[in-house]
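The block underneath contains the structure these notes are about, expressed in structure tokens.
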Amino acid sequence: MKNKLNQEYKQNISVKDANLWYGDFQALKGVCMEVPEKQVTAFIGPSGCGKSTFLKCFNRMNDLVPGCRIEGDFKIGDIDVYGKIDVNELRKNVGMVFQKPNPFPMSVYDNIAYGPRTFGITKRALLDEIVETSLKASAMWEELKDRLNKSALGLSGGQQQRLCIARALAVKPKILLMDEPTSALDPISTGKIEELCDELKKDMTIVIVTHNMQQATRISDKTGFFLLGELIEFGNTDDIFYDPKDERTERYITGRFG
């Protein structure tokens, strides 16, 4: 069953009539969206508007939140995200990088090998290859090839975040979710991750939540603007920023919001 599921995972996401409640509070209201494959899609909007909540629906991270209730149709390709599926397999195919770098308290090598080992890969030669490939994909091989056995906790914040991206890449996801991955980083580290997104989208779909509107214009192909749990506008990034259809979108991106 696992192999069958793995073969069926595609790289596009389709959402219809998504509603989500935390207890009595409705955090998402009737959200519909088609996320295209092998592009970068950005979610923007003020704090608390539902961006991160919506993002976490794609790999069922909200399952871990007590009192969370979800309605609607979430599909990755033809797979029903909230149907009877192997959630571990889902999260293998839909990886996630969080706002705060969260390397495991172990070596650089073991951080990256953790996922493949979880899915049954034990041969050292194969793990070596995965570690090298993942670090190269996250543009870190030259920086870390002589530090593979050192603790990941000794890396800088920017390096830790790129290591977390490499760790996510190690299990070869089809989709990568990024929840404000550069908000705690300096401009140079931010630039490296933005360049990385541009490179990675050749092989996978990337969905990123960002408060940095300049970042959205630099790296995303599509942008969705959220407000109070609703998706106000979604389309090509240039259209959203330079020719928005909704007055609320225009007010937000020009700083006249509120």
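By convention here, the chains of the structure tokens are called A, B, ... in the order presented, each chain's residues are numbered starting at 1, and ligands are numbered starting at 1 in the order presented.
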Filtered DSSP result for region 31-244 of chain A, state helix (DSSP H, G or I), as number ranges by chain: A: 51-57, 61-64, 87-93, 108-118, 124-137, 141-144, 152-154, 157-169, 187-200, 213-219, 237-242
Within 10 Å of region 189-191 of chain A using only C-alpha atoms, minus same-chain residues under 3 positions, as number ranges by chain: A: 156-159, 161-162, 181-186, 194-197, 215
Dump as a short mmCIF file (atom, residue, chain, number, x, y, z; two decimals), in the first residue's frame, selection limited to N, CA and C atoms:
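As a result, again.cif now contains:
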```cif
data_model
loop_
_atom_site.label_atom_id
_atom_site.label_comp_id
_atom_site.auth_asym_id
_atom_site.auth_seq_id
_atom_site.Cartn_x
_atom_site.Cartn_y
_atom_site.Cartn_z
N SER A 156 25.31 28.11 12.62
CA SER A 156 24.63 29.41 12.74
C SER A 156 23.15 29.23 12.44
N GLY A 157 22.35 30.24 12.77
CA GLY A 157 20.90 30.17 12.52
C GLY A 157 20.57 29.92 11.07
N GLY A 158 21.27 30.63 10.18
CA GLY A 158 21.02 30.46 8.75
C GLY A 158 21.41 29.07 8.27
N GLN A 159 22.54 28.56 8.80
CA GLN A 159 22.97 27.21 8.43
C GLN A 159 22.00 26.17 8.97
N GLN A 161 18.84 26.53 9.44
CA GLN A 161 17.61 26.53 8.64
C GLN A 161 17.82 25.81 7.32
N ARG A 162 18.97 26.02 6.69
CA ARG A 162 19.25 25.31 5.43
C ARG A 162 19.46 23.82 5.68
N PRO A 181 10.19 30.79 6.64
CA PRO A 181 11.49 30.16 6.90
C PRO A 181 12.64 31.14 7.08
N THR A 182 12.46 32.40 6.70
CA THR A 182 13.58 33.35 6.80
C THR A 182 13.32 34.48 7.79
N SER A 183 12.24 34.40 8.54
CA SER A 183 11.86 35.54 9.39
C SER A 183 12.88 35.81 10.49
N ALA A 184 13.65 34.78 10.89
CA ALA A 184 14.63 34.98 11.97
C ALA A 184 16.06 35.08 11.44
N LEU A 185 16.20 35.23 10.12
CA LEU A 185 17.53 35.17 9.53
C LEU A 185 18.02 36.53 9.03
N ASP A 186 19.33 36.65 8.91
CA ASP A 186 19.94 37.86 8.37
C ASP A 186 19.75 37.90 6.85
N GLU A 194 16.29 32.06 -0.55
CA GLU A 194 15.49 32.46 -1.72
C GLU A 194 16.06 31.88 -3.01
N GLU A 195 17.39 31.91 -3.13
CA GLU A 195 18.03 31.30 -4.31
C GLU A 195 17.73 29.80 -4.36
N LEU A 196 17.75 29.20 -3.20
CA LEU A 196 17.48 27.77 -3.08
C LEU A 196 16.06 27.44 -3.57
N CYS A 197 15.09 28.25 -3.17
CA CYS A 197 13.70 28.05 -3.61
C CYS A 197 13.60 28.07 -5.13
N GLN A 215 9.87 39.69 -0.45
CA GLN A 215 10.26 38.30 -0.69
C GLN A 215 9.25 37.61 -1.60
#
```
Exercise: Gly50 (chain A) partners within 7 Å, only C-alpha atoms, chain neighbours under 5 positions left out, as a PyMOL selection string: chain A and resi 27-28+226+228-229
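Using only C-alpha atoms, the nearest neighbour of Glu250 (chain A) within the list A:Met96, A:Gly45, A:Lys192, A:Pro103 is A:Gly45.
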Residue nearest Gly30 (chain A) - candidates A:Leu177, A:Ile232, A:Gly95, A:Arg251, atoms counted: only C-alpha atoms: A:Ile232
Long-range neighbours of Asp73 (chain A) as a ChimeraX atom specification, 12 Å cut-off, only C-alpha atoms, 6 positions minimum in chain: /A:13-20,30-34,57-58,79-83
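Among A:Arg256, A:Arg248, A:Lys201, A:Lys29, the residue with the shortest atom-to-atom distance to Thr41 (chain A), counting only C-alpha atoms, is A:Lys201.
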Shortest interatomic distance to Ile193 (chain A) - which of A:Pro173, A:Lys145, A:Ala139, A:Pro244, counting only C-alpha atoms: A:Ala139
Residues near Asp239 (chain A), cut-off 12 Å, only C-alpha atoms, skip fewer than 2 positions along chain, as a PyMOL selection string: chain A and resi 217+220-225+233-237+241-246+249-250+253
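Of the residues under consideration (A:Arg124, A:Lys92, A:His211, A:Lys10), A:His211 shows the shortest atom-to-atom contact distance to Pro46 (chain A) when counting only C-alpha atoms.
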